[in-house]
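Undergrad: Just run.cif, nothing more (mmCIF, C-alpha atoms and all ligand atoms):
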data_protein
#
loop_
_atom_site.label_atom_id
_atom_site.label_comp_id
_atom_site.auth_asym_id
_atom_site.auth_seq_id
_atom_site.Cartn_x
_atom_site.Cartn_y
_atom_site.Cartn_z
CA MET A 961 4.29 -18.56 111.29
CA VAL A 962 3.11 -15.71 113.49
CA THR A 963 1.93 -12.28 112.36
CA PHE A 964 1.79 -9.29 114.72
CA THR A 965 3.10 -5.72 114.97
CA VAL A 966 6.06 -4.38 116.91
CA ASN A 967 6.22 -0.64 117.42
CA ASN A 968 3.60 -0.24 114.67
CA ALA A 969 5.64 -2.21 112.13
CA PRO A 970 4.18 -5.46 110.75
CA VAL A 971 6.09 -8.62 111.61
CA ASP A 972 5.69 -11.99 109.91
CA LEU A 973 7.99 -14.59 111.42
CA ASP A 974 8.58 -18.29 111.04
CA VAL A 975 9.55 -19.12 114.63
CA ASP A 976 8.76 -21.83 117.15
CA GLN A 977 5.41 -21.18 118.80
CA ASP A 978 7.02 -21.66 122.21
CA LYS A 979 9.85 -19.19 121.65
CA PRO A 980 9.65 -16.44 124.30
CA LEU A 981 8.83 -12.99 122.97
CA LEU A 982 11.97 -11.59 124.62
CA TRP A 983 14.13 -13.75 122.34
CA VAL A 984 11.95 -13.02 119.32
CA LEU A 985 12.53 -9.32 119.94
CA ARG A 986 16.25 -9.54 120.68
CA GLU A 987 17.37 -12.34 118.35
CA ASP A 988 14.95 -12.18 115.43
CA LEU A 989 14.16 -8.47 115.35
CA GLY A 990 17.25 -6.83 116.88
CA ILE A 991 15.16 -4.89 119.40
CA LEU A 992 17.42 -4.72 122.44
CA GLY A 993 15.56 -2.43 124.87
CA PRO A 994 13.80 -5.26 126.70
CA LYS A 995 16.39 -6.94 128.93
CA TYR A 996 16.89 -10.45 130.29
CA GLY A 997 17.02 -10.48 134.07
CA CYS A 998 15.45 -13.49 135.72
CA GLY A 999 13.61 -15.32 132.96
CA VAL A 1000 10.79 -16.27 135.31
CA ALA A 1001 8.47 -13.23 135.34
CA GLN A 1002 9.91 -11.78 138.54
CA CYS A 1003 12.22 -8.85 137.78
CA GLY A 1004 10.34 -6.96 135.07
CA ALA A 1005 13.44 -6.05 133.04
CA CYS A 1006 11.88 -7.64 129.95
CA ARG A 1007 8.48 -5.94 130.16
CA VAL A 1008 6.77 -4.79 126.98
CA LEU A 1009 3.23 -3.74 126.14
CA VAL A 1010 1.07 -6.36 124.44
CA ASN A 1011 -2.26 -4.86 123.40
CA GLY A 1012 -1.60 -2.09 125.93
CA VAL A 1013 -0.93 -4.42 128.86
CA SER A 1014 2.49 -4.59 130.51
CA VAL A 1015 3.69 -8.20 130.32
CA PRO A 1016 6.98 -9.99 131.02
CA SER A 1017 8.20 -10.93 127.56
CA CYS A 1018 10.35 -13.75 128.99
CA VAL A 1019 7.19 -15.78 129.63
CA THR A 1020 5.08 -14.55 126.71
CA PHE A 1021 5.35 -16.87 123.76
CA ALA A 1022 5.34 -16.42 120.00
CA GLY A 1023 2.30 -18.65 119.73
CA ASP A 1024 0.29 -16.17 121.80
CA LEU A 1025 1.11 -13.19 119.60
CA GLU A 1026 -1.04 -13.72 116.51
CA GLY A 1027 -2.59 -10.33 115.69
CA ALA A 1028 -1.13 -8.66 118.78
CA GLU A 1029 0.24 -5.13 119.03
CA VAL A 1030 3.60 -5.19 120.79
CA VAL A 1031 5.26 -1.98 121.96
CA THR A 1032 8.76 -1.89 123.43
CA ILE A 1033 10.70 0.98 124.96
CA GLU A 1034 11.85 1.80 121.43
CA GLY A 1035 8.24 2.42 120.38
CA LEU A 1036 7.16 4.88 123.07
CA ALA A 1037 8.53 8.03 121.46
CA GLU A 1038 6.71 9.83 118.65
CA PRO A 1039 7.91 9.12 115.08
CA ASP A 1040 9.69 12.50 115.10
CA GLY A 1041 11.67 11.46 118.17
CA THR A 1042 9.66 13.40 120.75
CA LEU A 1043 9.88 11.37 123.94
CA SER A 1044 6.77 10.13 125.69
CA VAL A 1045 5.73 12.00 128.82
CA VAL A 1046 6.96 9.10 130.95
CA GLN A 1047 10.33 8.95 129.20
CA GLN A 1048 10.78 12.71 129.64
CA ALA A 1049 9.88 12.47 133.32
CA TRP A 1050 12.55 9.77 133.71
CA ILE A 1051 15.14 12.17 132.30
CA ASP A 1052 13.90 15.13 134.32
CA GLU A 1053 14.15 13.12 137.53
CA GLN A 1054 17.49 11.54 136.48
CA VAL A 1055 16.12 8.13 137.42
CA PRO A 1056 18.57 5.57 135.97
CA GLN A 1057 21.75 4.45 137.65
CA CYS A 1058 23.14 1.46 135.70
CA GLY A 1059 19.97 1.62 133.58
CA PHE A 1060 19.52 -2.11 133.04
CA CYS A 1061 16.07 -2.33 134.61
CA GLN A 1062 14.76 1.00 133.36
CA PRO A 1063 13.08 0.01 130.05
CA GLY A 1064 10.91 -2.40 131.99
CA PHE A 1065 10.05 0.21 134.59
CA ILE A 1066 9.13 2.79 131.94
CA ILE A 1067 6.87 0.27 130.23
CA ALA A 1068 5.25 -0.65 133.55
CA ALA A 1069 4.79 3.02 134.46
CA THR A 1070 3.27 3.78 131.06
CA ALA A 1071 0.72 1.00 131.54
CA LEU A 1072 -0.01 2.05 135.13
CA LEU A 1073 -0.71 5.67 134.16
CA ALA A 1074 -3.02 4.53 131.37
CA SER A 1075 -5.22 2.75 133.92
CA ASN A 1076 -4.62 4.99 136.96
CA PRO A 1077 -3.78 8.59 135.95
CA ASN A 1078 -2.77 9.68 139.46
CA PRO A 1079 -1.39 6.75 141.45
CA SER A 1080 -0.28 7.10 145.07
CA ASP A 1081 3.10 5.83 146.22
CA ALA A 1082 1.32 2.79 147.67
CA GLU A 1083 -0.43 2.11 144.38
CA ILE A 1084 2.86 2.45 142.49
CA ASP A 1085 4.51 -0.03 144.86
CA GLU A 1086 1.56 -2.39 144.57
CA GLU A 1087 1.16 -2.26 140.80
CA ILE A 1088 4.79 -2.16 139.71
CA SER A 1089 6.60 -5.26 140.90
CA ASN A 1090 9.76 -4.65 138.87
CA ILE A 1091 13.09 -5.01 140.63
CA CYS A 1092 15.90 -2.43 140.51
CA ARG A 1093 19.16 -3.66 141.98
CA CYS A 1094 20.47 -0.10 142.08
CA GLY A 1095 17.55 0.94 144.30
CA THR A 1096 16.17 3.80 142.23
CA TYR A 1097 12.66 3.35 143.64
CA PRO A 1098 12.32 6.85 145.20
CA ARG A 1099 13.22 8.49 141.89
CA ILE A 1100 10.92 6.14 139.98
CA ARG A 1101 8.03 7.22 142.21
CA ARG A 1102 8.92 10.90 141.69
CA ALA A 1103 9.10 10.42 137.92
CA ILE A 1104 5.70 8.74 137.86
CA HIS A 1105 4.18 11.60 139.87
CA ARG A 1106 5.82 14.10 137.49
CA ALA A 1107 4.46 12.24 134.46
CA ALA A 1108 1.01 12.05 136.04
CA ALA A 1109 1.02 15.83 136.60
CA ALA A 1110 2.18 16.47 133.04
CA LEU A 1111 -0.45 14.15 131.59
CA SER A 1112 -3.19 15.86 133.63
CA GLU A 1113 -2.35 19.15 131.88
CA THR A 1114 -2.72 17.74 128.38
S1 LIG B 1201 13.49 -11.39 132.62
FE1 LIG B 1201 11.35 -11.34 132.42
S2 LIG B 1201 10.60 -10.77 134.35
FE2 LIG B 1201 12.76 -11.00 134.64
S1 LIG B 1202 19.15 1.25 137.53
FE1 LIG B 1202 20.50 -0.43 137.87
S2 LIG B 1202 19.19 -2.13 138.18
FE2 LIG B 1202 17.88 -0.44 138.13
#
Using structure tokens, write down the structure from this file.
Ligand code: FES
Ligand code: FES

TA:
Amino acid sequence: MVTFTVNNAPVDLDVDQDKPLLWVLREDLGILGPKYGCGVAQCGACRVLVNGVSVPSCVTFAGDLEGAEVVTIEGLAEPDGTLSVVQQAWIDEQVPQCGFCQPGFIIAATALLASNPNPSDAEIDEEISNICRCGTYPRIRRAIHRAAAALSET
């Protein structure tokens, strides 16, 4: 049994301790924003926030989640549906192409901006190791700069 929260909702699950969080989210909870890409902590498509830290959910295990606060792409907007600043910047910059990798990037960008409110392009490249096969990196950088500017005004 493991007890934690996902997107502010309490979760109490009887699952194997070594079941990856990505499968807990997708199979047990029906939360489909985090995607399976590589399964070995390389691509970032599965990233979620655990206690505010961006982690690859494919290599984070149920047994490590006791008492944790998990936030997925589905949990970033306000309860009334207002998008987070980062989500809105993604729309304003028309970042996604196929979209598969984007939840992981938005999670990674959200975590980056929480620790570094005004990252340079070099810092973005260094801190966000996610992979986008469509090559949306220039727009991702622009969206992060846009979000940083918006957050600095709040
Ligand atoms: S699926 Fe988790 S990092 Fe690629
Ligand atoms: S938008 Fe297609 S993989 Fe990134």

Undergrad: Please provide as JSON, numbers by chain all residues within 9 Å of region 962-967 of chain A, with the sequence filter that same-chain residues fewer than 2 positions apart are discarded (counting only C-alpha atoms).

TA: {"A": [969, 970, 971, 972, 973, 974, 975, 977, 985, 1022, 1023, 1024, 1025, 1026, 1027, 1028, 1029, 1030, 1031, 1032, 1033, 1034, 1035, 1036]}

Undergrad: What does the distance from CA of Ala1074 (chain A) to CA of Ala1005 (chain A) come to in Å, to one decimal?

TA: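 Spanning CA of Ala1074 (chain A) to CA of Ala1005 (chain A) is a straight-line distance of 19.6 Å.
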
Undergrad: Find the residues around region 1063-1065 of chain A up to 12 Å (only C-alpha atoms counted), leave out those fewer than 5 positions away in its own chain, and share them as a VMD selection string.

TA: chain A and resid 982 991 to 997 1001 to 1009 1014 to 1018 1031 to 1036 1046 to 1047 1050 1055 to 1056 1058 1070 to 1072 1084 to 1085 1087 to 1092 1096 to 1097 1099 to 1101 1103 to 1104

Undergrad: Counting all atoms listed in the file, name the residues that have an atom within 6 Å of an atom of ligand LIG 1202 (chain B); the answer should be given as an MDAnalysis selection string.

TA: chainID A and resid 1056:1062 1092:1094

Undergrad: Please determine, counting only C-alpha atoms and all ligand atoms, which residue among A:Ser1112, A:Thr1042, A:Asn1076, A:Thr1020 has the shortest atom-to-atom distance to ligand LIG 1201 (chain B).

TA: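 Using only C-alpha atoms and all ligand atoms, ligand LIG 1201 (chain B) sits closest to A:Thr1020.
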
Undergrad: Just the number, please: distance in Å from CA of Pro1077 (chain A) to atom S1 of ligand LIG 1201 (chain B), one decimal.

TA: 26.6 Å

Undergrad: Can you report as JSON the centre and edge lengths in Å, to one decimal, of an axis-aligned box around the listed atoms of ligand LIG 1201 (chain B) padded with 6 Å on each side?

TA:
{"center_x": 12.0, "center_y": -11.1, "center_z": 133.5, "size_x": 14.9, "size_y": 12.6, "size_z": 14.2}

Undergrad: Could you work out how far CA of Val1010 (chain A) lies from CA of Glu1053 (chain A), giving the answer in Å with one decimal?

TA: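 Taking CA of Glu1053 (chain A) and CA of Val1010 (chain A), their separation equals 26.9 Å.
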
Undergrad: From the list A:Leu989, A:Trp983, A:Pro1039, A:Val1000, which residue is nearest ligand LIG 1201 (chain B) when using only C-alpha atoms and all ligand atoms?

TA: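 Among A:Leu989, A:Trp983, A:Pro1039, A:Val1000, it is A:Val1000 that comes nearest to ligand LIG 1201 (chain B).
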
Undergrad: Using all atoms listed in the file, which of A:Val984, A:Ala1082, A:Val1013, A:Val1045 sits nearest Glu1113 (chain A)?

TA: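 When distances to Glu1113 (chain A) are compared using all atoms listed in the file, the smallest one comes from A:Val1045.
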
Undergrad: For ligand LIG 1201 (chain B), which residue out of A:Arg1106, A:Ala1068, A:Glu1083, A:Thr1114 is the nearest one, using only C-alpha atoms and all ligand atoms?

TA: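 Among the listed residues, the smallest separation from ligand LIG 1201 (chain B) belongs to A:Ala1068.
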
Undergrad: Name the closest residue to Ala1037 (chain A) among the candidates A:Leu1073, A:Leu1111, A:Ile1066, A:Cys998; distances are taken between atoms, counting all atoms listed in the file.

TA: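 Using all atoms listed in the file, Ala1037 (chain A) sits closest to A:Ile1066.
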
Undergrad: Using only C-alpha atoms, find the one residue out of A:Ala1049, A:Glu1038, A:Val1019, A:Gln1054 that sits nearest to His1105 (chain A).

TA: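 Among A:Ala1049, A:Glu1038, A:Val1019, A:Gln1054, it is A:Ala1049 that comes nearest to His1105 (chain A).
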
Undergrad: Only C-alpha atoms needed: put region 990-1075 of chain A from the block into a file as a compact mmCIF listing (two decimals), in the first residue's frame.

TA:
# COMPACT_ATOMS: atom_id res chain seq x y z
CA GLY A 990 -5.88 7.08 -15.88
CA ILE A 991 -3.61 10.12 -15.98
CA LEU A 992 -2.28 10.09 -19.53
CA GLY A 993 -0.31 13.35 -19.83
CA PRO A 994 3.03 11.80 -18.88
CA LYS A 995 4.25 9.79 -21.87
CA TYR A 996 6.41 6.71 -22.35
CA GLY A 997 9.40 7.42 -24.55
CA CYS A 998 12.57 5.60 -23.62
CA GLY A 999 11.88 4.04 -20.23
CA VAL A 1000 15.44 4.69 -19.08
CA ALA A 1001 15.42 8.31 -17.83
CA GLN A 1002 16.78 9.76 -21.06
CA CYS A 1003 14.01 11.42 -23.08
CA GLY A 1004 12.00 13.25 -20.41
CA ALA A 1005 8.59 12.53 -21.97
CA CYS A 1006 7.42 11.01 -18.67
CA ARG A 1007 8.55 13.84 -16.38
CA VAL A 1008 6.36 14.85 -13.45
CA LEU A 1009 6.94 16.92 -10.34
CA VAL A 1010 7.55 14.97 -7.13
CA ASN A 1011 7.71 17.33 -4.17
CA GLY A 1012 8.41 20.13 -6.65
CA VAL A 1013 11.32 18.38 -8.37
CA SER A 1014 11.11 17.32 -12.01
CA VAL A 1015 11.74 13.57 -12.16
CA PRO A 1016 11.44 10.89 -14.85
CA SER A 1017 8.43 8.88 -13.72
CA CYS A 1018 9.63 5.83 -15.70
CA VAL A 1019 12.36 5.27 -13.12
CA THR A 1020 10.54 6.55 -10.02
CA PHE A 1021 8.91 3.73 -8.13
CA ALA A 1022 5.72 3.37 -6.13
CA GLY A 1023 7.74 2.40 -3.08
CA ASP A 1024 9.43 5.81 -3.10
CA LEU A 1025 6.18 7.76 -3.12
CA GLU A 1026 4.89 7.43 0.44
CA GLY A 1027 3.70 10.89 1.47
CA ALA A 1028 4.88 12.52 -1.75
CA GLU A 1029 3.13 15.28 -3.69
CA VAL A 1030 3.01 14.36 -7.37
CA VAL A 1031 1.98 16.91 -9.99
CA THR A 1032 1.51 16.02 -13.65
CA ILE A 1033 0.77 18.23 -16.63
CA GLU A 1034 -2.91 17.82 -15.75
CA GLY A 1035 -2.31 19.49 -12.38
CA LEU A 1036 -0.55 22.67 -13.48
CA ALA A 1037 -3.65 24.70 -14.32
CA GLU A 1038 -5.73 26.41 -11.64
CA PRO A 1039 -8.89 24.59 -10.48
CA ASP A 1040 -10.96 27.02 -12.59
CA GLY A 1041 -9.03 25.98 -15.69
CA THR A 1042 -6.74 29.01 -15.89
CA LEU A 1043 -3.52 27.75 -17.45
CA SER A 1044 -0.21 28.12 -15.67
CA VAL A 1045 2.10 30.85 -16.95
CA VAL A 1046 4.31 28.21 -18.55
CA GLN A 1047 1.39 26.48 -20.27
CA GLN A 1048 0.14 29.82 -21.61
CA ALA A 1049 3.61 30.70 -22.89
CA TRP A 1050 3.68 27.36 -24.74
CA ILE A 1051 0.46 28.29 -26.51
CA ASP A 1052 1.56 31.85 -27.21
CA GLU A 1053 4.76 30.60 -28.81
CA GLN A 1054 2.96 27.74 -30.61
CA VAL A 1055 5.61 25.33 -29.36
CA PRO A 1056 4.25 21.82 -30.02
CA GLN A 1057 4.54 19.98 -33.31
CA CYS A 1058 3.43 16.36 -32.74
CA GLY A 1059 3.14 17.22 -29.04
CA PHE A 1060 4.30 13.89 -27.65
CA CYS A 1061 7.25 15.28 -25.70
CA GLN A 1062 5.62 18.51 -24.59
CA PRO A 1063 4.11 17.55 -21.20
CA GLY A 1064 7.57 16.54 -20.06
CA PHE A 1065 9.10 19.77 -21.32
CA ILE A 1066 6.44 21.90 -19.61
CA ILE A 1067 7.04 20.08 -16.34
CA ALA A 1068 10.81 20.53 -16.71
CA ALA A 1069 10.39 24.22 -17.57
CA THR A 1070 8.09 24.75 -14.59
CA ALA A 1071 10.69 23.26 -12.26
CA LEU A 1072 13.53 25.23 -13.88
CA LEU A 1073 11.74 28.56 -13.48
CA ALA A 1074 10.99 27.79 -9.84
CA SER A 1075 14.72 27.51 -9.14
